[in-house]
Structure formats: C-alpha cells, structure tokens
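For reference, the structure is listed below as structure tokens.
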Amino acid sequence: MTLHYFPTPDAVMPTDFGCALVAADQRIFVKYGISADVVWTALSYVLPDAARKTVADGRSDIEASGRLIFWTLASLGWIALDPRWPVGAIVAGAVVAVAAFAYLRLVQQGRDYADEYEAAFDVGRASLYRALRIPLPPSNDLEPQYGKLLTDLVYRGYPASGVTYTE
C-alpha cells in the first residue's frame with residue numbers, strides 16, 4: 001500500500017480498504033478544510049452528471065464485491081454441513097480462494113473510489129460555494145479556513161457570523 005492511501009497514525013483502520021477511504025477524507029480536509037462526510041450530499045447535487053456517475057459506479061462496484069465476499073464466506077457454513085468431508089474440503093478451499101480474490105479486488109476498488117471521491121471535491125467544491133452563495137476562497141492559503149465555513153453552513157444550516165452572501 002502506498003502512503004497516498006494511508007491515513008495518519010491516529011486514524012488507521014483495520015483493513016487496507018478502510019485506510020484508503022479514511023486517507024481520502026483526510027486529504028480533503030487538509031487541502032480544503034472541508035469535512036467530506038458532512039458536505040458530500042450537498043456536493044453531489046452540484047456535481048456534473050459525469051462526475052456523479054463515476055463516483056456512483058465506483059460505489060456500486062464496491063458493494064458488489066462486498067456482497068461476493070459475504071456470500072462466499074456465508075457458504076462455508078453450508079459446506080461444513082456436507083457429510084462428504086473430502087469434497088467439502090475441496091469446495092471450501094475454492095470458496096476461500098474466491099473470497100480472498102474478491103477482497104483484493106475490493107481493496108483496489110476502494111483505492112479507485114477514494115481517488116474518484118477526492119477528485120469530486122477537487123472539481124466540484126467551487127460549484128458548491130456558488131450554490132450556497134458563499135464567496136470563493138481568494139487564495140489556496142485561505143482554502144482550509146473557507147472550507148470550515150462551508151462545512152459549518154452545510155452541517156448547521158447557517159455559517160459562522162461575519163459571512164457575507166454573494167449574489
């Protein structure tokens with residue numbers, strides 16, 4: 001796993017899949033001051049259709065892999081009930097191999113999804129600022145400060161005092 005997909009030590013998750021998703025949230029927060037889990041729904045309304053579809057397709061792929069892992073592992077219970085042990089052992093080995101392959105696929109899909117999710121914030125945040133009538137950050141240095149105001153507005157329904165709405 002590359003460091004790009006590894007979160008800070010205090011946020012490490014038990015799996016590479018979880019680490020990739022948390023790392024994307026952290027990168028968004030560090031770059032823009034935006035809490036991605038708070039702002040995502042509002043952002044999804046202003047994203048271009050192609051970007052929204054890309055992220056949705058990535059999530060669908062992840063869900064399909066998750067279902068495959070669940071059902072392959074759940075089938076081990078049925079295999080254990082098979083009285084023909086040698087046949088059951090061979091099938092169980094095949095099932096475990098399928099689950100392992102599906103997990104490796106899930107990890108890669110998680111990394112791809114994390115990149116797509118982060119890219120959605122990269123390209124869509126300006127549209128969200130405009131939609132909520134908050135001024136765009138005048139420079140990259142002020143991006144985290146403005147992002148916190150944006151997160152506040154989406155979370156609370158009103159920004160901190162001193163924000164002037166744009167037309």
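Chain labels follow the order of the structure tokens: the first chain is A, the next B, and so on; residue numbering restarts at 1 in every chain, and ligands are counted from 1 in their shown order.
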Item checked: Near-Phe121 in chain A list (12 Å; only C-alpha atoms; drop same-chain fewer than 5 positions) as number ranges by chain -> A: 24-25, 27-29, 31-37, 39-44, 46-48, 51-52, 55, 114-116, 126-129, 147
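Rounded to one decimal, CA of Gln109 in chain A and CA of Pro7 in chain A lie 17.2 Å from each other.
Here CA of Pro14 in chain A is placed at a distance of 22.2 Å from CA of Ser60 in chain A.
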Margin query: I'd like the neighbourhood of Leu106 in chain A as a PyMOL selection string, where a residue qualifies if any of its atoms comes within 9 Å (using only C-alpha atoms), though same-chain residues fewer than 5 positions away should be ignored.
Written below: chain A and resi 17+61-66+101+111
Restricting it to C-alpha atoms, dump the selection as a PDB file, in the first residue's frame.
```
ATOM      1  CA  PHE A  17      -9.805  -0.819   2.243  1.00  0.00           C
ATOM      2  CA  ASP A  61     -18.544  -1.898  -7.704  1.00  0.00           C
ATOM      3  CA  ILE A  62     -17.531  -1.841  -4.039  1.00  0.00           C
ATOM      4  CA  GLU A  63     -20.972  -3.016  -2.951  1.00  0.00           C
ATOM      5  CA  ALA A  64     -20.892  -5.876  -5.483  1.00  0.00           C
ATOM      6  CA  SER A  65     -17.502  -7.041  -4.213  1.00  0.00           C
ATOM      7  CA  GLY A  66     -18.715  -6.792  -0.628  1.00  0.00           C
ATOM      8  CA  PHE A 101      -9.543 -12.698  -4.626  1.00  0.00           C
ATOM      9  CA  ARG A 111      -8.471   2.940  -3.693  1.00  0.00           C
TER      10      ARG A 111
END
```
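Nearest to Tyr5 in chain A of all the residues A:Gly58, A:Gly18, A:Pro137, A:Gly77 is A:Gly18, based on only C-alpha atoms.
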Checklist line | Among the residues A:Leu68, A:Leu142, A:Val91, A:Ile134, the one that comes closest to Val163 in chain A [using only C-alpha atoms] | finding: A:Ile134
Among chain A, which ones does DSSP assign to helix (DSSP H, G or I) (computed from the backbone)? Answer as a compact mmCIF listing (two decimals) with C-alpha atoms, in the first residue's frame.
```txt
# COMPACT_ATOMS: atom_id res chain seq x y z
CA LEU A 3 1.41 6.27 1.55
CA HIS A 4 -1.16 8.04 -0.61
CA TYR A 5 -3.72 5.55 0.71
CA PRO A 9 -1.48 7.02 12.64
CA ASP A 10 -4.42 8.02 14.84
CA ALA A 11 -6.93 7.12 12.10
CA ASP A 16 -6.33 -1.55 3.61
CA PHE A 17 -9.81 -0.82 2.24
CA GLY A 18 -10.73 1.28 5.28
CA CYS A 19 -7.36 3.02 5.29
CA ALA A 20 -7.81 4.13 1.67
CA LEU A 21 -11.22 5.68 2.40
CA VAL A 22 -10.09 7.43 5.60
CA ALA A 23 -6.97 8.76 3.85
CA ALA A 24 -9.14 10.35 1.15
CA ASP A 25 -11.28 12.09 3.80
CA GLN A 26 -8.13 13.36 5.50
CA ARG A 27 -6.61 14.66 2.27
CA ILE A 28 -9.81 16.57 1.51
CA PHE A 29 -9.79 18.09 4.99
CA VAL A 30 -6.11 19.06 4.85
CA LYS A 31 -6.37 20.63 1.37
CA TYR A 32 -9.74 22.34 1.68
CA ALA A 36 -16.18 15.31 3.43
CA ASP A 37 -18.73 13.18 5.27
CA VAL A 38 -20.72 16.31 6.20
CA VAL A 39 -20.55 18.03 2.80
CA TRP A 40 -20.80 15.04 0.42
CA THR A 41 -24.59 15.04 0.00
CA ALA A 42 -24.71 18.75 -0.79
CA LEU A 43 -21.76 18.43 -3.16
CA SER A 44 -23.41 15.55 -5.01
CA TYR A 45 -26.26 17.88 -6.02
CA VAL A 46 -23.94 20.29 -7.83
CA ASP A 49 -23.51 14.24 -14.21
CA ALA A 50 -20.33 12.51 -15.42
CA ALA A 51 -18.57 13.03 -12.08
CA ARG A 52 -21.61 11.91 -10.09
CA LYS A 53 -21.95 8.81 -12.27
CA THR A 54 -18.26 7.93 -11.89
CA VAL A 55 -18.45 8.08 -8.10
CA ALA A 56 -21.77 6.16 -8.06
CA ASP A 57 -20.35 3.45 -10.33
CA GLY A 58 -17.32 3.11 -8.05
CA ARG A 59 -19.57 2.67 -5.06
CA SER A 60 -21.69 0.08 -6.89
CA ASP A 61 -18.54 -1.90 -7.70
CA ILE A 62 -17.53 -1.84 -4.04
CA GLU A 63 -20.97 -3.02 -2.95
CA ALA A 64 -20.89 -5.88 -5.48
CA SER A 65 -17.50 -7.04 -4.21
CA GLY A 66 -18.72 -6.79 -0.63
CA ARG A 67 -21.72 -8.97 -1.44
CA LEU A 68 -19.49 -11.51 -3.17
CA ILE A 69 -17.23 -11.72 -0.11
CA PHE A 70 -20.20 -12.05 2.24
CA TRP A 71 -21.93 -14.80 0.29
CA THR A 72 -18.77 -16.79 -0.39
CA LEU A 73 -17.90 -16.78 3.30
CA ALA A 74 -21.51 -17.49 4.28
CA SER A 75 -21.47 -20.54 2.01
CA LEU A 76 -18.74 -22.04 4.18
CA GLY A 77 -21.44 -22.77 6.78
CA TRP A 78 -23.37 -24.84 4.25
CA ILE A 79 -20.23 -26.62 3.14
CA ALA A 80 -19.47 -27.57 6.75
CA TRP A 85 -15.87 -34.23 4.01
CA PRO A 86 -13.21 -34.57 1.26
CA VAL A 87 -15.49 -32.97 -1.33
CA GLY A 88 -16.48 -30.27 1.17
CA ALA A 89 -12.84 -29.51 1.96
CA ILE A 90 -12.03 -29.02 -1.72
CA VAL A 91 -15.04 -26.77 -2.23
CA ALA A 92 -14.21 -24.86 0.97
CA GLY A 93 -10.70 -24.21 -0.32
CA ALA A 94 -12.11 -22.90 -3.57
CA VAL A 95 -14.58 -20.69 -1.69
CA VAL A 96 -11.83 -19.22 0.47
CA ALA A 97 -9.75 -18.54 -2.66
CA VAL A 98 -12.70 -16.72 -4.27
CA ALA A 99 -13.22 -14.66 -1.10
CA ALA A 100 -9.51 -13.75 -0.97
CA PHE A 101 -9.54 -12.70 -4.63
CA ALA A 102 -12.72 -10.67 -4.04
CA TYR A 103 -11.09 -8.92 -1.08
CA LEU A 104 -8.04 -7.97 -3.14
CA ARG A 105 -10.39 -6.64 -5.78
CA LEU A 106 -12.32 -4.74 -3.09
CA VAL A 107 -9.14 -3.07 -1.84
CA GLN A 108 -8.27 -1.87 -5.34
CA GLN A 109 -11.84 -0.67 -5.87
CA GLY A 110 -11.63 1.19 -2.55
CA ARG A 111 -8.47 2.94 -3.69
CA ASP A 112 -10.07 3.85 -7.02
CA TYR A 113 -13.20 5.08 -5.23
CA ALA A 114 -11.10 7.16 -2.82
CA ASP A 115 -9.42 8.86 -5.79
CA GLU A 116 -12.77 9.49 -7.51
CA TYR A 117 -14.28 10.82 -4.27
CA GLU A 118 -11.36 13.20 -3.74
CA ALA A 119 -11.50 14.31 -7.39
CA ALA A 120 -15.19 15.13 -6.95
CA PHE A 121 -14.20 17.63 -4.24
CA ASP A 122 -11.34 18.93 -6.37
CA VAL A 123 -13.62 19.81 -9.29
CA GLY A 124 -16.97 20.41 -7.58
CA ARG A 125 -16.31 22.50 -4.49
CA ALA A 126 -16.36 25.82 -6.38
CA SER A 127 -19.85 25.00 -7.66
CA LEU A 128 -20.94 24.24 -4.11
CA TYR A 129 -19.60 27.57 -2.84
CA ARG A 130 -21.57 29.32 -5.59
CA ALA A 131 -24.74 27.29 -4.96
CA ASN A 140 -5.08 28.48 -1.77
CA ASP A 141 -3.75 29.55 1.62
CA LEU A 142 -7.27 30.53 2.74
CA GLU A 143 -8.94 27.40 1.34
CA PRO A 144 -8.99 25.50 4.69
CA GLN A 145 -10.50 28.48 6.52
CA TYR A 146 -13.25 28.91 3.93
CA GLY A 147 -13.82 25.16 3.83
CA LYS A 148 -14.57 25.15 7.54
CA LEU A 149 -17.18 27.87 6.95
CA LEU A 150 -18.68 25.80 4.15
CA THR A 151 -18.80 22.70 6.38
CA ASP A 152 -20.43 24.77 9.13
CA LEU A 153 -23.10 26.03 6.76
CA VAL A 154 -23.96 22.57 5.49
CA TYR A 155 -23.88 20.99 8.97
CA ARG A 156 -25.72 23.67 10.95
```
